[in-house]
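Asker: Next up is a structure, given as structure tokens.
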Amino acid sequence: MPQGQVTTVPDDGLTTRQRRRQALLAVHTGHGKGKSTAAFGMALRAWNAGWSIGVFQFVKSEKWRVGEEAALKALGRVPGGASVAWHKMGEGWSWIQRAGAERDHAAEAAEGWAQIKRDLAAETHSFYVLDEFTYPMKWGWVDVADVVETLRERPGTQHVVITGRDAHPDLLAAADLVTEMTKVKHPMDAGRKGQRGIEW
């Protein structure tokens with residue numbers, strides 16, 4: 001395993017081991033493909049480490065059955081393995097009855113964020129994927145300042161990765177790890193639609 005060399009050593013009184021075990025806030029943003037894919041790759045590593053996984057998918061339709069969902073749910077059923085909870089907006093946290101009513105996506109996103117806050121406060125999971133969560137912040141469905149403060153003050157060693165384009169500058173400033181996916185070339189540019197096994 002390659003040994004990374006840090007450029008500076010913080011004067012925080014912590015040992016290298018203590019620093020290594022600090023909770024991480026990661027953001028995958030940019031207009032290139034691979035933001036969610038990278039986050040779910042991290043979730044696989046987290047599961048292998050024995051960490052409970054909580055996935056919250058914003059924006060994506062509850063009807064979509066993505067490959068990562070099937071794979072991680074299957075891992076969550078492995079005897080003796082870590083648990084996996086998967087929530088999708090409109091399916092995973094639709095506690096408000098809306099029979100016959102038009103869906104209120106902003107209210108659903110706010111409900112999802114409220115559940116995440118409860119889970120963080122209770123230290124329900126060790127690793128969270130907040131997929132496409134930059135959009136509810138961008139559209140004003142959830143308060144950016146509340147998100148940043150909640151994530152900064154989360155207890156324990158709960159790791160969080162947030163995906164989506166146009167991440168808010170305050171979120172980027174609060175993050176420990178920021179990766180921007182840049183599109184160089186994409187099959188859609190040549191008129192090819194997404195395909196199973198690649199996009200989902």
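Identifiers in this document derive from the order of the structure tokens: chains are assigned A, B, ..., residues are numbered from 1 separately in each chain, and ligands are numbered from 1 in order of occurrence.
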Fewer than 5 positions away in the same chain doesn't count, so skip those; otherwise give me all residues within 10 Å of range 134-145 of chain A, counting only C-alpha atoms, as a PyMOL selection string.
Answerer: chain A and resi 27-29+58-59+105-114+150-151+162-171
Asker: Any chance you could tabulate, as JSON lines, the residues of range 118-193 of chain A at most 12 Å from range 81-88 of chain A with each one's nearest atom pair and distance in Å to one decimal, using only C-alpha atoms, in chain and rising number order?
Answerer:
```
{"residue": "A:Asp119", "atom": "CA", "partner": "A:Ala85", "partner_atom": "CA", "distance": 11.1}
{"residue": "A:Thr124", "atom": "CA", "partner": "A:Ala85", "partner_atom": "CA", "distance": 10.0}
{"residue": "A:His125", "atom": "CA", "partner": "A:Ser83", "partner_atom": "CA", "distance": 8.6}
{"residue": "A:Ser126", "atom": "CA", "partner": "A:Ala82", "partner_atom": "CA", "distance": 9.9}
{"residue": "A:Phe127", "atom": "CA", "partner": "A:Val84", "partner_atom": "CA", "distance": 9.7}
{"residue": "A:Tyr128", "atom": "CA", "partner": "A:Ala85", "partner_atom": "CA", "distance": 9.6}
{"residue": "A:Val129", "atom": "CA", "partner": "A:Trp86", "partner_atom": "CA", "distance": 9.4}
{"residue": "A:Leu130", "atom": "CA", "partner": "A:His87", "partner_atom": "CA", "distance": 9.8}
{"residue": "A:Asp131", "atom": "CA", "partner": "A:Lys88", "partner_atom": "CA", "distance": 9.4}
{"residue": "A:Glu132", "atom": "CA", "partner": "A:Lys88", "partner_atom": "CA", "distance": 10.8}
{"residue": "A:Phe133", "atom": "CA", "partner": "A:Lys88", "partner_atom": "CA", "distance": 11.5}
```
Asker: Check chain A with DSSP on the backbone and list each residue it calls alpha helix (DSSP H), as a PyMOL selection string.
Answerer: chain A and resi 16-20+35-48+67-76+105-122+134-138+144-152+169-174
Asker: Which value, in Å to one decimal, gives the distance between CA of Ala173 in chain A and CA of Thr15 in chain A?
Answerer: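 Value for the CA of Ala173 in chain A-CA of Thr15 in chain A distance: 24.2 Å.
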Asker: Which is closest to Trp51 in chain A among A:Gln195, A:Thr16, A:Gln158, A:Thr179, if we use only C-alpha atoms?
Answerer: A:Gln158
Asker: Taking only C-alpha atoms into account, name the residue in A:Glu180, A:Glu199, A:Asp104, A:Asp189 that is nearest to Ala26 in chain A.
Answerer: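 Among A:Glu180, A:Glu199, A:Asp104, A:Asp189, it is A:Glu180 that comes nearest to Ala26 in chain A.
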Asker: Record the distance separating CA of Gln57 in chain A and CA of Gln115 in chain A, expressed in Å with one decimal.
Answerer: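 According to the coordinates, CA of Gln57 in chain A and CA of Gln115 in chain A are separated by 12.3 Å.
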